[in-house]
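S.K.: The following block contains the structure, expressed as structure tokens.
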Amino acid sequence: MVPEIRKKFNAEFTPEKYRALLHDLNTTYDFPIGYRIAETPIFIGKEFKNEILEAVELITGYLMSDEYKEMSLNAIPKGMEVPNDPGYPEMMAIDFAICKDPAGKFIPQLIELQGFSSLFFYELLQNYMYRKHYEIDERYGGLFNIHKPDEYLDILKHVVVGDSHPDNVILLEIEPDEQKTRIDFECCNTYLGVKPVCISDVMKECKDLFYTNNGVKTRIERIYNRVIFDELSKRTDLKLNFSFHDELNVKWIPHPNWFFRISKFSLPFLKNKYVPETKFLSDVKEYPTDLENYVLKPLFSFAGAGVVFDVTKEILDGITDRSNYILQKKINYEPVIETPDQPAKAELRLLFVHNNGKPYLVNNLVRLSKGKMMGVDFNKEKTWVGSSLAYFEHL
């Protein structure tokens, strides 16, 4: 979206550079990455960066308000509460679509948000590889508020490991070697020494948890949680030795309650120009006459599961647990990323850690799409789509 830099990048791009990028990413560990890597990063200038930061300030300011914190307790399903909530999420993410307003000015539009972790570690690797294989203008960076990878890793170490030894910290997931995000787990292990552990391999004794670390029974003091409740609820085949809802001598990073407290549940409470009109379905007394301009989303599904893009009255009438759905005005992604064939649309995820009482913006990731929606199924056999990164002009 910075025309001169986009033109230069596209002119200098070669399939050979891209193949070399993919080779390095897919051979960093002994397995290939489980999703498509886009041919290009995106570049965002100062003006749009400032617009994004204004949106962030408005949204995070409300999410951290006493008013919202109290209301968000209602988001946790009964019986799903996890003890020892610190009152804030150690990590969170906000997803924006890149759009244009009626005047033709770029504007971020909130898609979703989550009080949960994301690809904090893989994005450092992707940043390194883009810079290795392409000439990225040094006036642009992928890390917010931080300009050196070591500083970034120090922040993540403080959040994830804290005062514990890395051996007493685990990355908790369901069958981590089978997850598409496995590359992020391996990067976490490389950078911080925190190993991925399957939830079924954790042992409980009284209020303490343990895992086997290189053959040694090791106490767990901190859990970097990557388990998604939506997936866990479907895995009735797993034999677990503990429950999230037990009183345990561990610190959760981020605390599981915030999976619910900052989520699609938050959207109807946010009222500003960066947030599309959103209501709980239970609060919709009369359907909009232009339902084709709305999307239906279940509150606590993940990765787009259960989203209905083509909404009809019949679909809405058939939903009984209406308080667990939102009806959101559709967002028109602007195809702004010039590519060799057709322009691509971009979705920007901003990554935060908690610092001094508020979310602190540290990194980002991007998804590029040329399909009707952002998901893989809508972008099959397309190029210049997939996982990417934004480089922002330094202020």
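By order in the structure tokens, chains are A, B, ...; within a chain, residues start at 1; ligands start at 1, following the order shown.
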Residues of range 40-129 of chain A within 12 Å of range 236-252 of chain A: nearest atom pair and distance (Å, one decimal) for each, counting only C-alpha atoms, sorted by chain and number, as a Markdown table?
M.R.:
| residue | atom | partner | partner_atom | distance |
| --- | --- | --- | --- | --- |
| A:Lys78 | CA | A:His245 | CA | 11.4 |
| A:Gly79 | CA | A:His245 | CA | 8.2 |
| A:Met80 | CA | A:His245 | CA | 6.8 |
| A:Glu81 | CA | A:His245 | CA | 6.3 |
| A:Val82 | CA | A:His245 | CA | 4.7 |
| A:Pro83 | CA | A:Glu247 | CA | 6.1 |
| A:Asn84 | CA | A:Glu247 | CA | 8.1 |
| A:Asp85 | CA | A:Trp252 | CA | 8.6 |
| A:Pro86 | CA | A:Trp252 | CA | 9.3 |
| A:Tyr88 | CA | A:Trp252 | CA | 11.4 |
| A:Pro89 | CA | A:Trp252 | CA | 9.7 |
| A:Glu90 | CA | A:Trp252 | CA | 8.7 |
| A:Met91 | CA | A:Trp252 | CA | 10.8 |
| A:Phe116 | CA | A:Trp252 | CA | 11.0 |
| A:Ser117 | CA | A:Trp252 | CA | 11.5 |
S.K.: Quick one: everything within 12 Å of Arg219 in chain A, counting only C-alpha atoms, minus sequence neighbours fewer than 6 positions away in the same chain. Send it as a ChimeraX atom specification.
M.R.: /A:164-170,202-205,207-213,248-250
S.K.: For N, CA and C atoms, I'd like the residues from the last selection saved as a PDB file, in the first residue's frame.
M.R.:
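The resulting again.pdb:
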ATOM      1  N   SER A 164      10.750 -18.455  36.342  1.00  0.00           N
ATOM      2  CA  SER A 164      10.940 -19.907  36.376  1.00  0.00           C
ATOM      3  C   SER A 164      12.097 -20.319  35.471  1.00  0.00           C
ATOM      4  N   HIS A 165      12.559 -21.532  35.653  1.00  0.00           N
ATOM      5  CA  HIS A 165      13.508 -22.131  34.717  1.00  0.00           C
ATOM      6  C   HIS A 165      12.692 -22.649  33.532  1.00  0.00           C
ATOM      7  N   PRO A 166      13.211 -22.529  32.295  1.00  0.00           N
ATOM      8  CA  PRO A 166      12.436 -23.014  31.141  1.00  0.00           C
ATOM      9  C   PRO A 166      11.979 -24.463  31.264  1.00  0.00           C
ATOM     10  N   ASP A 167      12.745 -25.305  31.980  1.00  0.00           N
ATOM     11  CA  ASP A 167      12.328 -26.704  32.161  1.00  0.00           C
ATOM     12  C   ASP A 167      11.035 -26.831  32.962  1.00  0.00           C
ATOM     13  N   ASN A 168      10.718 -25.803  33.750  1.00  0.00           N
ATOM     14  CA  ASN A 168       9.498 -25.828  34.563  1.00  0.00           C
ATOM     15  C   ASN A 168       8.336 -25.090  33.891  1.00  0.00           C
ATOM     16  N   VAL A 169       8.516 -24.805  32.610  1.00  0.00           N
ATOM     17  CA  VAL A 169       7.487 -24.153  31.805  1.00  0.00           C
ATOM     18  C   VAL A 169       7.212 -25.039  30.601  1.00  0.00           C
ATOM     19  N   ILE A 170       5.939 -25.229  30.265  1.00  0.00           N
ATOM     20  CA  ILE A 170       5.609 -26.025  29.075  1.00  0.00           C
ATOM     21  C   ILE A 170       4.677 -25.247  28.162  1.00  0.00           C
ATOM     22  N   VAL A 202       0.420 -34.792  30.601  1.00  0.00           N
ATOM     23  CA  VAL A 202       0.610 -34.070  31.865  1.00  0.00           C
ATOM     24  C   VAL A 202       0.050 -34.916  33.009  1.00  0.00           C
ATOM     25  N   MET A 203       0.811 -35.010  34.098  1.00  0.00           N
ATOM     26  CA  MET A 203       0.419 -35.800  35.271  1.00  0.00           C
ATOM     27  C   MET A 203       0.076 -34.867  36.435  1.00  0.00           C
ATOM     28  N   LYS A 204      -0.836 -35.301  37.270  1.00  0.00           N
ATOM     29  CA  LYS A 204      -1.261 -34.504  38.418  1.00  0.00           C
ATOM     30  C   LYS A 204      -1.030 -35.255  39.719  1.00  0.00           C
ATOM     31  N   GLU A 205      -0.474 -34.552  40.706  1.00  0.00           N
ATOM     32  CA  GLU A 205      -0.338 -35.069  42.066  1.00  0.00           C
ATOM     33  C   GLU A 205      -0.797 -33.968  43.017  1.00  0.00           C
ATOM     34  N   LYS A 207      -2.193 -30.813  43.973  1.00  0.00           N
ATOM     35  CA  LYS A 207      -2.427 -29.609  43.171  1.00  0.00           C
ATOM     36  C   LYS A 207      -1.274 -29.321  42.214  1.00  0.00           C
ATOM     37  N   ASP A 208      -0.305 -30.221  42.139  1.00  0.00           N
ATOM     38  CA  ASP A 208       0.866 -30.010  41.292  1.00  0.00           C
ATOM     39  C   ASP A 208       0.752 -30.796  39.986  1.00  0.00           C
ATOM     40  N   LEU A 209       1.307 -30.224  38.926  1.00  0.00           N
ATOM     41  CA  LEU A 209       1.357 -30.888  37.626  1.00  0.00           C
ATOM     42  C   LEU A 209       2.810 -31.207  37.272  1.00  0.00           C
ATOM     43  N   PHE A 210       2.985 -32.307  36.517  1.00  0.00           N
ATOM     44  CA  PHE A 210       4.314 -32.754  36.121  1.00  0.00           C
ATOM     45  C   PHE A 210       4.284 -33.213  34.666  1.00  0.00           C
ATOM     46  N   TYR A 211       5.470 -33.243  34.054  1.00  0.00           N
ATOM     47  CA  TYR A 211       5.632 -33.867  32.740  1.00  0.00           C
ATOM     48  C   TYR A 211       6.993 -34.548  32.721  1.00  0.00           C
ATOM     49  N   THR A 212       7.206 -35.400  31.732  1.00  0.00           N
ATOM     50  CA  THR A 212       8.478 -36.096  31.595  1.00  0.00           C
ATOM     51  C   THR A 212       9.379 -35.318  30.644  1.00  0.00           C
ATOM     52  N   ASN A 213      10.485 -34.830  31.172  1.00  0.00           N
ATOM     53  CA  ASN A 213      11.416 -33.992  30.414  1.00  0.00           C
ATOM     54  C   ASN A 213      12.722 -34.767  30.236  1.00  0.00           C
ATOM     55  N   LEU A 248      -5.006 -25.497  40.868  1.00  0.00           N
ATOM     56  CA  LEU A 248      -3.662 -26.002  40.574  1.00  0.00           C
ATOM     57  C   LEU A 248      -2.586 -24.995  40.959  1.00  0.00           C
ATOM     58  N   ASN A 249      -1.416 -25.511  41.274  1.00  0.00           N
ATOM     59  CA  ASN A 249      -0.267 -24.665  41.585  1.00  0.00           C
ATOM     60  C   ASN A 249       0.509 -24.338  40.304  1.00  0.00           C
ATOM     61  N   VAL A 250      -0.178 -23.708  39.369  1.00  0.00           N
ATOM     62  CA  VAL A 250       0.463 -23.289  38.120  1.00  0.00           C
ATOM     63  C   VAL A 250      -0.027 -21.891  37.756  1.00  0.00           C
TER      64      VAL A 250
END
S.K.: Quick one: everything within 6 Å of Gly386 in chain A, counting only C-alpha atoms, minus sequence neighbours fewer than 6 positions away in the same chain. Send it as a PyMOL selection string.
M.R.: chain A and resi 36-38+367-368
S.K.: For the contact check between range 246-348 of chain A and range 9-32 of chain A, emit one row per residue of range 246-348 of chain A within 10 Å, containing the shortest atom pair and the distance in Å rounded to one decimal, counting only C-alpha atoms, chain then rising number order, as CSV.
M.R.:
residue,atom,partner,partner_atom,distance
A:Glu338,CA,A:Asn10,CA,8.2
A:Thr339,CA,A:Asn10,CA,7.2
A:Pro340,CA,A:Asn10,CA,7.7
S.K.: Expressed in Å to a single decimal, how great is the separation between CA of Glu347 in chain A and CA of Ser266 in chain A?
M.R.: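 Separating CA of Glu347 in chain A from CA of Ser266 in chain A is a distance of 19.0 Å.
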